[in-house]
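Structure below is structure.cif: mmCIF, C-alpha atoms.
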data_coords
#
loop_
_atom_site.label_atom_id
_atom_site.label_comp_id
_atom_site.auth_asym_id
_atom_site.auth_seq_id
_atom_site.Cartn_x
_atom_site.Cartn_y
_atom_site.Cartn_z
CA MET A 631 -10.42 -12.13 -31.15
CA ASP A 632 -12.24 -15.28 -32.09
CA PHE A 633 -15.94 -14.90 -31.44
CA SER A 634 -16.69 -18.57 -32.02
CA LEU A 635 -15.13 -19.07 -28.58
CA TYR A 636 -18.18 -17.50 -27.00
CA LEU A 637 -20.35 -19.93 -28.92
CA ARG A 638 -18.31 -22.87 -27.70
CA TYR A 639 -18.48 -21.64 -24.13
CA GLY A 640 -22.11 -20.60 -24.56
CA PRO A 641 -23.67 -23.26 -22.31
CA ALA A 642 -21.16 -22.61 -19.49
CA LEU A 643 -21.69 -18.86 -19.73
CA ALA A 644 -25.47 -19.26 -19.78
CA SER A 645 -25.41 -21.47 -16.70
CA GLY A 646 -23.06 -19.00 -15.04
CA PHE A 647 -25.49 -16.20 -15.77
CA GLY A 648 -28.26 -18.30 -14.24
CA VAL A 649 -26.23 -18.80 -11.05
CA THR A 650 -25.48 -15.06 -10.95
CA LEU A 651 -29.19 -14.26 -11.13
CA LEU A 652 -29.98 -16.93 -8.53
CA CYS A 653 -27.41 -15.53 -6.10
CA TRP A 654 -28.55 -11.98 -6.76
CA PHE A 655 -32.29 -12.62 -6.30
CA GLY A 656 -31.77 -15.09 -3.44
CA GLY A 657 -29.39 -12.78 -1.60
CA ALA A 658 -31.59 -9.74 -2.19
CA ALA A 659 -34.76 -11.50 -1.02
CA LEU A 660 -33.03 -12.77 2.11
CA GLY A 661 -31.45 -9.38 2.75
CA LEU A 662 -34.76 -7.54 2.34
CA ALA A 663 -36.58 -9.92 4.68
CA VAL A 664 -33.90 -9.90 7.40
CA GLY A 665 -33.32 -6.17 6.95
CA PHE A 666 -37.02 -5.45 7.44
CA VAL A 667 -37.13 -7.53 10.62
CA VAL A 668 -33.99 -5.80 11.96
CA ALA A 669 -35.50 -2.38 11.15
CA LEU A 670 -38.68 -3.34 13.02
CA LEU A 671 -36.64 -4.62 15.99
CA ARG A 672 -34.82 -1.28 16.13
CA ARG A 673 -38.16 0.41 16.73
CA VAL A 674 -38.83 -1.66 19.86
CA PRO A 675 -37.95 0.55 22.88
CA LEU A 676 -35.80 -2.06 24.61
CA PRO A 677 -32.17 -0.95 25.14
CA PRO A 678 -30.45 -4.39 25.02
CA LEU A 679 -32.27 -5.21 21.80
CA ASN A 680 -31.25 -1.85 20.34
CA TRP A 681 -27.59 -2.46 21.19
CA LEU A 682 -27.77 -5.89 19.63
CA THR A 683 -29.27 -4.69 16.34
CA ARG A 684 -26.87 -1.73 16.19
CA ALA A 685 -23.90 -4.02 16.80
CA TYR A 686 -25.14 -6.32 14.04
CA ILE A 687 -25.43 -3.44 11.57
CA GLU A 688 -22.05 -1.92 12.50
CA LEU A 689 -20.35 -5.31 12.31
CA VAL A 690 -21.71 -6.15 8.87
CA ARG A 691 -21.18 -2.67 7.43
CA GLY A 692 -17.72 -2.29 8.93
CA THR A 693 -16.14 -5.41 7.46
CA PRO A 694 -15.45 -6.27 3.81
CA PHE A 695 -17.85 -8.61 2.06
CA LEU A 696 -14.98 -10.89 1.03
CA VAL A 697 -13.93 -11.37 4.67
CA GLN A 698 -17.52 -12.16 5.65
CA LEU A 699 -17.62 -14.68 2.84
CA PHE A 700 -14.41 -16.33 4.08
CA VAL A 701 -15.73 -16.44 7.67
CA LEU A 702 -18.86 -18.22 6.52
CA TYR A 703 -17.42 -20.54 3.89
CA ASP A 704 -13.95 -21.35 5.26
CA GLY A 705 -14.65 -20.72 8.94
CA GLY A 706 -18.14 -22.24 9.07
CA PRO A 707 -17.04 -25.90 9.18
CA ALA A 708 -15.09 -25.17 12.41
CA ILE A 709 -18.41 -24.67 14.19
CA GLY A 710 -20.20 -27.41 12.27
CA LEU A 711 -21.65 -25.21 9.54
CA ARG A 712 -20.92 -27.06 6.33
CA LEU A 713 -22.44 -25.32 3.31
CA ASP A 714 -21.69 -25.64 -0.37
CA ALA A 715 -20.25 -22.60 -2.12
CA THR A 716 -23.47 -21.35 -3.72
CA THR A 717 -25.52 -21.61 -0.50
CA SER A 718 -22.74 -19.82 1.41
CA GLY A 719 -22.71 -17.15 -1.26
CA ILE A 720 -26.46 -16.51 -1.11
CA LEU A 721 -26.41 -16.52 2.69
CA ALA A 722 -23.45 -14.11 2.84
CA LEU A 723 -25.08 -11.78 0.30
CA GLY A 724 -28.26 -11.87 2.36
CA VAL A 725 -26.44 -10.99 5.58
CA TYR A 726 -24.41 -8.26 3.88
CA GLY A 727 -27.52 -6.75 2.26
CA SER A 728 -29.65 -7.00 5.40
CA ALA A 729 -27.56 -4.47 7.36
CA TYR A 730 -27.85 -1.88 4.59
CA PHE A 731 -31.52 -2.64 3.94
CA ALA A 732 -32.25 -2.30 7.67
CA GLU A 733 -30.81 1.22 7.64
CA ILE A 734 -32.75 2.09 4.49
CA PHE A 735 -36.00 0.87 6.05
CA ARG A 736 -35.22 2.79 9.23
CA ALA A 737 -34.67 6.00 7.27
CA GLY A 738 -37.90 5.27 5.40
CA PHE A 739 -39.88 5.01 8.63
CA THR A 740 -38.63 8.40 9.78
CA ALA A 741 -39.71 9.86 6.41
CA VAL A 742 -43.37 9.17 7.19
CA PRO A 743 -44.96 12.50 8.22
CA PRO A 744 -46.02 12.21 11.90
CA GLY A 745 -49.21 14.09 11.07
CA GLN A 746 -50.44 11.20 8.93
CA VAL A 747 -49.85 8.71 11.72
CA GLU A 748 -51.55 11.01 14.25
CA ALA A 749 -54.49 11.53 11.91
CA ALA A 750 -54.88 7.78 11.50
CA ALA A 751 -54.67 7.26 15.27
CA SER A 752 -57.28 9.95 15.92
CA LEU A 753 -59.56 8.23 13.38
CA GLY A 754 -59.36 5.19 15.61
CA MET A 755 -57.06 3.00 13.50
CA ALA A 756 -55.32 0.25 15.45
CA PRO A 757 -51.47 0.43 15.58
CA TRP A 758 -51.35 -2.68 13.42
CA THR A 759 -53.56 -1.09 10.75
CA ILE A 760 -51.53 2.13 10.87
CA MET A 761 -48.38 0.10 10.23
CA GLY A 762 -49.90 -1.81 7.33
CA ARG A 763 -51.83 0.98 5.63
CA ILE A 764 -49.85 4.14 6.38
CA ARG A 765 -46.33 3.62 7.66
CA ILE A 766 -45.26 0.83 5.31
CA PRO A 767 -46.77 2.18 2.04
CA VAL A 768 -45.42 5.71 2.59
CA MET A 769 -42.03 4.32 3.65
CA LEU A 770 -41.80 2.12 0.54
CA VAL A 771 -42.33 5.11 -1.73
CA ALA A 772 -39.69 7.13 0.11
CA ILE A 773 -37.02 4.44 -0.19
CA VAL A 774 -37.35 3.36 -3.83
CA PRO A 775 -34.15 5.19 -4.96
CA ALA A 776 -32.09 3.82 -2.05
CA LEU A 777 -33.43 0.31 -2.61
CA THR A 778 -32.55 0.34 -6.33
CA ASN A 779 -29.09 1.57 -5.45
CA MET A 780 -28.53 -1.23 -2.95
CA LEU A 781 -29.88 -3.86 -5.34
CA ILE A 782 -27.34 -2.68 -7.91
CA ILE A 783 -24.55 -2.87 -5.33
CA LEU A 784 -25.60 -6.43 -4.48
CA SER A 785 -25.60 -7.42 -8.16
CA LYS A 786 -22.00 -6.23 -8.37
CA GLU A 787 -21.03 -8.09 -5.19
CA THR A 788 -22.10 -11.40 -6.77
CA VAL A 789 -18.86 -11.23 -8.76
CA VAL A 790 -16.88 -11.64 -5.53
CA LEU A 791 -18.52 -15.05 -5.03
CA SER A 792 -16.27 -16.38 -7.81
CA ILE A 793 -13.41 -16.25 -5.28
CA ILE A 794 -15.01 -19.04 -3.22
CA THR A 795 -15.70 -20.99 -6.46
CA VAL A 796 -19.41 -20.28 -6.84
CA PRO A 797 -19.93 -21.16 -10.53
CA GLU A 798 -21.46 -17.80 -11.47
CA LEU A 799 -20.75 -15.74 -14.58
CA MET A 800 -17.41 -14.31 -13.43
CA TYR A 801 -16.16 -17.77 -12.48
CA GLN A 802 -17.13 -19.19 -15.88
CA MET A 803 -15.55 -16.22 -17.64
CA GLN A 804 -12.32 -16.69 -15.71
CA THR A 805 -12.29 -20.38 -16.53
CA MET A 806 -12.76 -19.46 -20.17
CA ALA A 807 -9.99 -16.86 -19.92
CA ALA A 808 -7.61 -19.40 -18.41
CA GLU A 809 -8.39 -22.09 -20.98
CA THR A 810 -8.25 -19.90 -24.07
CA PHE A 811 -5.43 -17.54 -23.02
CA ALA A 812 -7.62 -14.67 -24.22
CA ALA A 813 -7.75 -13.17 -20.74
CA PHE A 814 -8.02 -9.50 -21.62
CA GLU A 815 -10.78 -9.87 -24.20
CA THR A 816 -12.82 -12.09 -21.90
CA ILE A 817 -12.61 -9.75 -18.93
CA LEU A 818 -13.40 -6.81 -21.20
CA ALA A 819 -16.51 -8.62 -22.45
CA MET A 820 -17.44 -9.26 -18.82
CA ALA A 821 -17.01 -5.58 -17.93
CA LEU A 822 -19.15 -4.43 -20.87
CA LEU A 823 -21.84 -6.98 -20.09
CA TYR A 824 -22.03 -5.84 -16.48
CA TRP A 825 -22.07 -2.22 -17.51
CA VAL A 826 -25.09 -2.80 -19.74
CA MET A 827 -26.84 -4.87 -17.08
CA VAL A 828 -26.33 -2.33 -14.31
CA GLU A 829 -27.43 0.54 -16.58
CA MET A 830 -30.59 -1.39 -17.41
CA VAL A 831 -31.41 -2.05 -13.76
CA ALA A 832 -30.75 1.63 -12.96
CA ARG A 833 -33.10 2.73 -15.77
CA LEU A 834 -35.74 0.30 -14.53
CA GLY A 835 -35.34 1.73 -11.03
CA ARG A 836 -35.87 5.28 -12.29
CA LEU A 837 -38.96 4.13 -14.17
CA VAL A 838 -40.43 2.55 -11.03
CA GLU A 839 -39.54 5.70 -9.11
CA HIS A 840 -41.44 7.90 -11.58
CA ARG A 841 -44.42 5.56 -11.55
CA VAL A 842 -44.56 5.42 -7.77
CA THR A 843 -44.16 9.18 -7.27
CA ALA A 844 -46.78 9.85 -9.94
CA PHE A 845 -49.11 7.45 -8.17
CA MET A 846 -48.58 9.07 -4.79
CA THR A 847 -48.83 12.68 -5.94
CA GLY A 848 -51.43 12.14 -8.66
CA PRO A 849 -55.08 13.20 -8.41
CA ALA A 850 -56.66 11.40 -5.50
CA MET B 994 -12.20 -21.84 18.75
CA LYS B 995 -8.70 -21.23 20.07
CA LEU B 996 -7.77 -17.74 21.11
CA GLN B 997 -4.10 -18.59 20.83
CA ALA B 998 -4.43 -19.10 17.07
CA ALA B 999 -5.78 -15.56 16.71
CA LEU B 1000 -3.09 -14.10 18.97
CA ASP B 1001 -0.33 -15.85 17.04
CA ALA B 1002 -1.58 -14.37 13.80
CA LEU B 1003 -2.11 -10.87 15.16
CA PRO B 1004 1.35 -9.32 14.55
CA TYR B 1005 1.42 -10.63 11.00
CA LEU B 1006 -2.13 -9.45 10.30
CA LEU B 1007 -1.46 -6.01 11.77
CA GLY B 1008 1.54 -5.66 9.47
CA ALA B 1009 -0.68 -6.49 6.51
CA ALA B 1010 -3.33 -4.09 7.80
CA GLU B 1011 -0.77 -1.33 7.40
CA THR B 1012 -0.56 -2.14 3.69
CA THR B 1013 -4.36 -2.05 3.53
CA LEU B 1014 -4.38 1.35 5.18
CA TRP B 1015 -1.76 2.83 2.82
CA ILE B 1016 -3.44 1.45 -0.29
CA SER B 1017 -6.76 2.90 0.86
CA LEU B 1018 -5.32 6.30 1.73
CA PHE B 1019 -3.43 6.64 -1.55
CA GLY B 1020 -6.44 5.32 -3.44
CA MET B 1021 -8.63 7.88 -1.73
CA ALA B 1022 -6.19 10.71 -2.46
CA LEU B 1023 -6.14 9.73 -6.14
CA GLY B 1024 -9.92 9.37 -6.06
CA GLN B 1025 -10.30 12.93 -4.74
CA VAL B 1026 -8.16 14.38 -7.51
CA LEU B 1027 -9.85 12.34 -10.24
CA GLY B 1028 -13.27 12.99 -8.73
CA ALA B 1029 -12.68 16.75 -8.73
CA ALA B 1030 -11.41 16.62 -12.32
CA VAL B 1031 -14.33 14.52 -13.58
CA CYS B 1032 -16.74 16.74 -11.68
CA LEU B 1033 -15.31 19.77 -13.51
CA CYS B 1034 -15.74 17.87 -16.78
CA ARG B 1035 -19.38 17.16 -16.00
CA LEU B 1036 -20.03 20.79 -15.11
CA SER B 1037 -18.21 22.25 -18.10
CA ARG B 1038 -20.13 23.72 -21.02
CA LEU B 1039 -18.12 21.71 -23.53
CA GLY B 1040 -20.29 18.87 -24.82
CA VAL B 1041 -17.37 16.48 -25.27
CA LEU B 1042 -16.18 16.91 -21.69
CA THR B 1043 -19.68 16.56 -20.26
CA ARG B 1044 -20.17 13.36 -22.24
CA PHE B 1045 -16.81 12.03 -21.09
CA GLY B 1046 -17.64 12.78 -17.45
CA ALA B 1047 -21.01 11.05 -17.64
CA LEU B 1048 -19.47 8.04 -19.38
CA TYR B 1049 -16.68 7.80 -16.81
CA VAL B 1050 -19.09 7.82 -13.89
CA SER B 1051 -21.43 5.35 -15.56
CA PHE B 1052 -18.62 2.91 -16.39
CA TYR B 1053 -16.82 2.95 -13.07
CA ARG B 1054 -20.03 2.71 -11.09
CA GLY B 1055 -21.54 0.08 -13.36
CA VAL B 1056 -18.70 -2.42 -13.53
CA PRO B 1057 -17.88 -4.49 -10.42
CA LEU B 1058 -14.56 -3.56 -8.84
CA LEU B 1059 -13.22 -7.10 -9.11
CA VAL B 1060 -13.77 -6.98 -12.88
CA GLN B 1061 -12.10 -3.55 -13.03
CA LEU B 1062 -9.08 -4.89 -11.15
CA LEU B 1063 -8.74 -7.88 -13.46
CA LEU B 1064 -9.22 -5.61 -16.46
CA VAL B 1065 -6.26 -3.48 -15.37
CA TYR B 1066 -4.29 -6.60 -14.47
CA TYR B 1067 -4.72 -8.10 -17.94
CA PHE B 1068 -4.87 -4.87 -19.92
CA LEU B 1069 -1.49 -3.45 -18.93
CA PRO B 1070 0.56 -6.48 -20.10
CA PHE B 1071 -1.71 -6.67 -23.18
CA VAL B 1072 -0.45 -3.25 -24.29
CA GLY B 1073 3.04 -3.96 -23.01
CA ILE B 1074 3.11 -1.84 -19.87
CA ASP B 1075 4.67 -3.32 -16.77
CA VAL B 1076 3.69 -1.72 -13.48
CA PRO B 1077 4.18 -2.98 -9.92
CA PRO B 1078 1.04 -4.62 -8.44
CA LEU B 1079 0.83 -1.95 -5.75
CA VAL B 1080 0.56 0.80 -8.34
CA ALA B 1081 -2.07 -1.13 -10.29
CA ALA B 1082 -4.06 -1.66 -7.10
CA ILE B 1083 -3.94 1.97 -6.00
CA GLY B 1084 -4.70 3.12 -9.55
CA SER B 1085 -7.75 0.86 -9.85
CA LEU B 1086 -9.12 1.89 -6.47
CA GLY B 1087 -8.52 5.56 -7.29
CA LEU B 1088 -10.22 5.31 -10.70
CA ALA B 1089 -13.28 3.63 -9.20
CA SER B 1090 -13.40 5.97 -6.25
CA GLY B 1091 -13.14 8.98 -8.57
CA ALA B 1092 -16.55 8.19 -10.04
CA TYR B 1093 -18.23 8.16 -6.64
CA VAL B 1094 -16.33 11.23 -5.40
CA CYS B 1095 -17.34 13.11 -8.56
CA GLU B 1096 -21.00 12.52 -7.82
CA ILE B 1097 -20.53 13.50 -4.17
CA PHE B 1098 -18.88 16.79 -5.19
CA ARG B 1099 -21.54 17.45 -7.82
CA GLY B 1100 -24.32 16.88 -5.33
CA ALA B 1101 -22.63 19.12 -2.76
CA LEU B 1102 -22.13 21.93 -5.30
CA ASN B 1103 -25.79 21.74 -6.25
CA ALA B 1104 -26.69 22.01 -2.58
CA VAL B 1105 -25.03 25.43 -2.26
CA PRO B 1106 -27.88 27.98 -2.61
CA LYS B 1107 -27.83 29.64 -6.03
CA GLY B 1108 -28.67 33.00 -4.45
CA GLN B 1109 -25.22 33.13 -2.85
CA VAL B 1110 -23.45 32.92 -6.19
CA GLU B 1111 -25.81 35.47 -7.71
CA ALA B 1112 -25.26 37.79 -4.76
CA ALA B 1113 -21.49 37.47 -5.15
CA LEU B 1114 -21.77 38.19 -8.87
CA ALA B 1115 -23.91 41.23 -8.12
CA LEU B 1116 -21.24 42.43 -5.72
CA GLY B 1117 -18.68 42.14 -8.51
CA PHE B 1118 -16.83 38.97 -7.39
CA ALA B 1119 -14.72 37.36 -10.09
CA ASP B 1120 -15.01 33.65 -10.93
CA ILE B 1121 -12.03 32.53 -8.88
CA PRO B 1122 -13.00 34.24 -5.61
CA ILE B 1123 -16.52 32.87 -6.03
CA TRP B 1124 -15.10 29.33 -6.20
CA TRP B 1125 -12.50 29.87 -3.53
CA ARG B 1126 -14.53 31.79 -0.96
CA ILE B 1127 -18.09 30.64 -1.52
CA LEU B 1128 -18.47 27.38 -3.40
CA LEU B 1129 -15.49 25.29 -2.26
CA PRO B 1130 -15.73 25.86 1.53
CA GLN B 1131 -19.41 24.99 1.55
CA MET B 1132 -18.94 22.08 -0.83
CA LEU B 1133 -16.34 20.62 1.53
CA ARG B 1134 -18.62 20.94 4.54
CA ILE B 1135 -21.64 19.45 2.77
CA SER B 1136 -19.72 16.58 1.19
CA LEU B 1137 -17.74 15.53 4.26
CA PRO B 1138 -20.15 12.87 5.63
CA ALA B 1139 -20.45 11.27 2.19
CA LEU B 1140 -16.66 11.41 1.71
CA VAL B 1141 -16.02 9.61 5.00
CA ASN B 1142 -18.56 7.03 3.94
CA GLU B 1143 -16.72 6.64 0.65
CA LEU B 1144 -13.41 6.24 2.49
CA ILE B 1145 -14.90 3.40 4.54
CA LEU B 1146 -16.23 1.74 1.39
CA LEU B 1147 -12.80 2.10 -0.21
CA LEU B 1148 -11.07 0.52 2.77
CA LYS B 1149 -13.41 -2.44 2.47
CA ALA B 1150 -12.99 -2.59 -1.29
CA SER B 1151 -9.23 -2.83 -0.81
CA SER B 1152 -9.82 -6.43 0.32
CA LEU B 1153 -10.21 -7.28 -3.38
CA VAL B 1154 -6.81 -6.03 -4.54
CA SER B 1155 -5.24 -9.35 -3.61
CA VAL B 1156 -6.32 -10.55 -7.09
CA VAL B 1157 -3.65 -8.34 -8.65
CA GLY B 1158 -1.02 -9.79 -6.34
CA VAL B 1159 -0.86 -7.38 -3.40
CA THR B 1160 -0.56 -8.93 0.04
CA GLU B 1161 -2.90 -6.86 2.17
CA LEU B 1162 -4.96 -7.85 5.18
CA THR B 1163 -7.39 -10.22 3.44
CA ARG B 1164 -4.70 -11.96 1.43
CA ALA B 1165 -2.49 -12.27 4.51
CA SER B 1166 -5.28 -13.81 6.56
CA HIS B 1167 -6.11 -16.14 3.70
CA SER B 1168 -2.60 -17.54 3.53
CA TRP B 1169 -2.24 -17.66 7.31
CA ALA B 1170 -5.57 -19.52 7.59
CA ALA B 1171 -4.44 -21.97 4.92
CA THR B 1172 -1.24 -22.85 6.76
CA THR B 1173 -2.65 -23.05 10.30
CA PHE B 1174 -6.04 -24.63 9.45
CA ARG B 1175 -7.72 -22.15 11.78
CA PRO B 1176 -9.80 -20.13 9.30
CA LEU B 1177 -12.55 -19.05 11.69
CA GLU B 1178 -10.19 -17.49 14.26
CA ILE B 1179 -8.02 -15.82 11.63
CA TYR B 1180 -10.86 -14.35 9.57
CA LEU B 1181 -12.68 -13.10 12.65
CA THR B 1182 -9.44 -11.39 13.73
CA ALA B 1183 -9.14 -9.82 10.28
CA ALA B 1184 -12.76 -8.70 10.48
CA ALA B 1185 -12.09 -7.14 13.89
CA ILE B 1186 -9.10 -5.22 12.48
CA TYR B 1187 -11.17 -3.91 9.57
CA LEU B 1188 -13.93 -2.94 11.97
CA ALA B 1189 -11.48 -1.11 14.24
CA MET B 1190 -10.03 0.82 11.29
CA ASN B 1191 -13.49 1.77 10.04
CA LEU B 1192 -14.66 2.87 13.47
CA CYS B 1193 -11.56 5.10 13.69
CA LEU B 1194 -12.40 6.59 10.29
CA ALA B 1195 -16.00 7.21 11.33
CA LEU B 1196 -14.83 8.85 14.56
CA PHE B 1197 -12.35 11.02 12.67
CA GLY B 1198 -15.13 11.98 10.25
CA ALA B 1199 -17.46 12.96 13.09
CA LEU B 1200 -14.72 15.13 14.64
CA ALA B 1201 -13.93 16.84 11.34
CA GLU B 1202 -17.62 17.43 10.76
CA ARG B 1203 -17.94 19.16 14.11
CA ARG B 1204 -14.89 21.31 13.40
CA LEU B 1205 -16.23 22.40 10.02
CA ALA B 1206 -19.68 23.11 11.44
CA GLN B 1207 -18.11 25.57 13.91
CA ALA B 1208 -16.05 27.33 11.28
#
In structure tokens, how does this file's structure come out?
Amino acid sequence: MDFSLYLRYGPALASGFGVTLLCWFGGAALGLAVGFVVALLRRVPLPPLNWLTRAYIELVRGTPFLVQLFVLYDGGPAIGLRLDATTSGILALGVYGSAYFAEIFRAGFTAVPPGQVEAAASLGMAPWTIMGRIRIPVMLVAIVPALTNMLIILSKETVVLSIITVPELMYQMQTMAAETFAAFETILAMALLYWVMVEMVARLGRLVEHRVTAFMTGPA
Amino acid sequence: MKLQAALDALPYLLGAAETTLWISLFGMALGQVLGAAVCLCRLSRLGVLTRFGALYVSFYRGVPLLVQLLLVYYFLPFVGIDVPPLVAAIGSLGLASGAYVCEIFRGALNAVPKGQVEAALALGFADIPIWWRILLPQMLRISLPALVNELILLLKASSLVSVVGVTELTRASHSWAATTFRPLEIYLTAAAIYLAMNLCLALFGALAERRLAQA
């Protein structure tokens, strides 16, 4: 295969990579924020609110990401929601991630030993302080592996955005494949690139995990 | 929003949902077999096989499914093999699923207490009875929740196989939405069908779990 092709398509591929990162970070940030709020709402002892949040989570986790994307991007204009492809993509990634993140946060909250919370309460800490200084820090440590895993899944879902013409890396690669007729080589390059990227993020996640566990279990 | 548009599409979408269901079930079956095989590779004492298993899992979990599907789609003609789209779709889903199933099996096997195997060895059990009567039954019970989860993920992932030319639920709703100009109604109907199928799977999983817990 002719490697000068990659040079010629360099700018397009670089901009595609930028859009991929934008969608990934944007979607992840949105998903984390919404997921955290949903997880907090699930803790409120109010049955209608609980049904609502559970329905939201089941709905998002029970339907394919591609269908959600179509609902938002193709179906949105029917109810006056006109978004460009990239905004739709980030929004859809955020919604998709939020349901999973909410469940991760919820599991994290239950991983906090009740004794620690009781000890803090008996020391006279306000519920707000307990949340900020005990529940949330301990929860964050417990969920690092699950969070890394979900972030990796989201990075792989960004590829699907190419179907609604978000100009991310996959879209640029497919354009290149169509224009140069070197489809197989291009997709293979894409697969290898993603493989390396995901492995790197996974390694980084394990590193953070070690650091955080060492910090929590280290000499006080 | 017009309910009629959704109702008109329903028979067609349900027909396509059947394709989705079959692709997912066959994909899952293939994934189980491959997963078990790769798991054995990873557990074997042969360095080459262990390496292969680790590489397999890393590749299929590290590359997005859409890229894997396109890779198969372009690779087969590249080497001169002509397979029907349905086979390519099921094969791709099965290959990807195998990596996840392998890790589920491996985790479940590790969760079986070592003392049980040692006790069986001390009692003079041979390798095969140890696998058949001690490891496999418990592995199945431990891995069931994760396997049902994987089946649900696979069913959702099957929405991507339209890129290799299979008309399943997502593709069908896409073309129906394009001809009727009622995307919102059609896609929401498709989403409802997916949701219904997944809830059935989850229910089935919960029932099976209860059965195995009693056994």
Practice problem: Dump as a ChimeraX atom specification the residues of chain A that approach chain B to within 8 Å, counting only C-alpha atoms. | Solution: /A:689,692-698,700-701,704-706,708,786-787,789-790,813-814,817-818,820-822,824-826,828-829
Practice problem: For the structure provided, state which residues fall under the PyMOL selection byres ((chain B and resi 1123) around 12), and present them as JSON, numbers by chain. | Solution: {"B": [1105, 1107, 1109, 1110, 1111, 1112, 1113, 1114, 1115, 1116, 1117, 1118, 1119, 1120, 1121, 1122, 1124, 1125, 1126, 1127, 1128, 1129, 1130, 1131]}
Practice problem: Check what the PyMOL selection byres ((chain B and resi 1001) around 12) selects in the file above and give those residues as a list in words. | Solution: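 With the PyMOL selection byres ((chain B and resi 1001) around 12) on this model, the match is Lys995, Leu996, Gln997, Ala998, Ala999, Leu1000, Ala1002, Leu1003, Pro1004, Tyr1005, Leu1006, Leu1007, Ser1166, Trp1169, Ala1170, Thr1173, Arg1175, Glu1178, Ile1179 and Thr1182 of chain B.
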Quiz item: Which residues come within 12 Å of Gly835 (chain A), counting all atoms listed in the file, excluding same-chain residues fewer than 4 positions away, as a PyMOL selection string?
Solution: chain A and resi 773-782+828-831+839-842
Exercise. Identify, on the basis of all atoms listed in the file, every residue whose closest approach to Gly1100 (chain B) does not exceed 9 Å; exclude the query and any residue fewer than 4 positions from it along the same chain; express the result as a list in words.
Key: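 Result of the neighbour search: Cys1095, Glu1096, Ala1104, Met1132, Ile1135 and Ser1136 of chain B.
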Could those residues be written to a file, using C-alpha atoms, as a PDB file, keeping the file's coordinate frame?
ATOM      1  CA  CYS B1095     -17.340  13.110  -8.560  1.00  0.00           C
ATOM      2  CA  GLU B1096     -21.000  12.520  -7.820  1.00  0.00           C
ATOM      3  CA  ALA B1104     -26.690  22.010  -2.580  1.00  0.00           C
ATOM      4  CA  MET B1132     -18.940  22.080  -0.830  1.00  0.00           C
ATOM      5  CA  ILE B1135     -21.640  19.450   2.770  1.00  0.00           C
ATOM      6  CA  SER B1136     -19.720  16.580   1.190  1.00  0.00           C
TER       7      SER B1136
END
Practice problem: Carefully work through the PyMOL selection byres ((chain A and resi 746) around 12) for this structure and note down the residues it includes, as a list of chain:residue names. | Solution: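 Answer for the PyMOL selection byres ((chain A and resi 746) around 12): A:Ala741, A:Val742, A:Pro743, A:Pro744, A:Gly745, A:Val747, A:Glu748, A:Ala749, A:Ala750, A:Ala751, A:Ser752, A:Leu753, A:Met755, A:Ile760, A:Met761, A:Arg763, A:Ile764, A:Arg765, A:Pro767, A:Val768.
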Practice problem: Tell me, in Å to one decimal, how far CA of Val796 (chain A) is from CA of Tyr703 (chain A). | Solution: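 CA of Tyr703 (chain A) lies at a distance of 10.9 Å from CA of Val796 (chain A).
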Quiz item: So, counting only C-alpha atoms, which residue among A:Ile783, A:Ala819, A:Ile794, A:Val771 is closest to Leu713 (chain A)?
Solution: A:Ile794
Quiz prompt | Separation of CA of Val649 (chain A) from CA of Met800 (chain A) in Å | solution =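 The value is 10.2 Å.
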Quiz item: Interatomic distance between CA of Gly1087 (chain B) and CA of Ala1201 (chain B)?
Solution: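 Computing the Euclidean distance for CA of Gly1087 (chain B) and CA of Ala1201 (chain B) yields 22.4 Å.
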Quiz prompt | Exercise: Phe655 (chain A) partners within 10 Å, all atoms listed in the file, chain neighbours under 3 positions left out, as a PyMOL selection string | solution = chain A and resi 649-652+658-661+720+723-724+781+784-785
Preceding selection exported with C-alpha atoms as a PDB file, in the frame of the given file:
ATOM      1  CA  VAL A 649     -26.230 -18.800 -11.050  1.00  0.00           C
ATOM      2  CA  THR A 650     -25.480 -15.060 -10.950  1.00  0.00           C
ATOM      3  CA  LEU A 651     -29.190 -14.260 -11.130  1.00  0.00           C
ATOM      4  CA  LEU A 652     -29.980 -16.930  -8.530  1.00  0.00           C
ATOM      5  CA  ALA A 658     -31.590  -9.740  -2.190  1.00  0.00           C
ATOM      6  CA  ALA A 659     -34.760 -11.500  -1.020  1.00  0.00           C
ATOM      7  CA  LEU A 660     -33.030 -12.770   2.110  1.00  0.00           C
ATOM      8  CA  GLY A 661     -31.450  -9.380   2.750  1.00  0.00           C
ATOM      9  CA  ILE A 720     -26.460 -16.510  -1.110  1.00  0.00           C
ATOM     10  CA  LEU A 723     -25.080 -11.780   0.300  1.00  0.00           C
ATOM     11  CA  GLY A 724     -28.260 -11.870   2.360  1.00  0.00           C
ATOM     12  CA  LEU A 781     -29.880  -3.860  -5.340  1.00  0.00           C
ATOM     13  CA  LEU A 784     -25.600  -6.430  -4.480  1.00  0.00           C
ATOM     14  CA  SER A 785     -25.600  -7.420  -8.160  1.00  0.00           C
TER      15      SER A 785
END
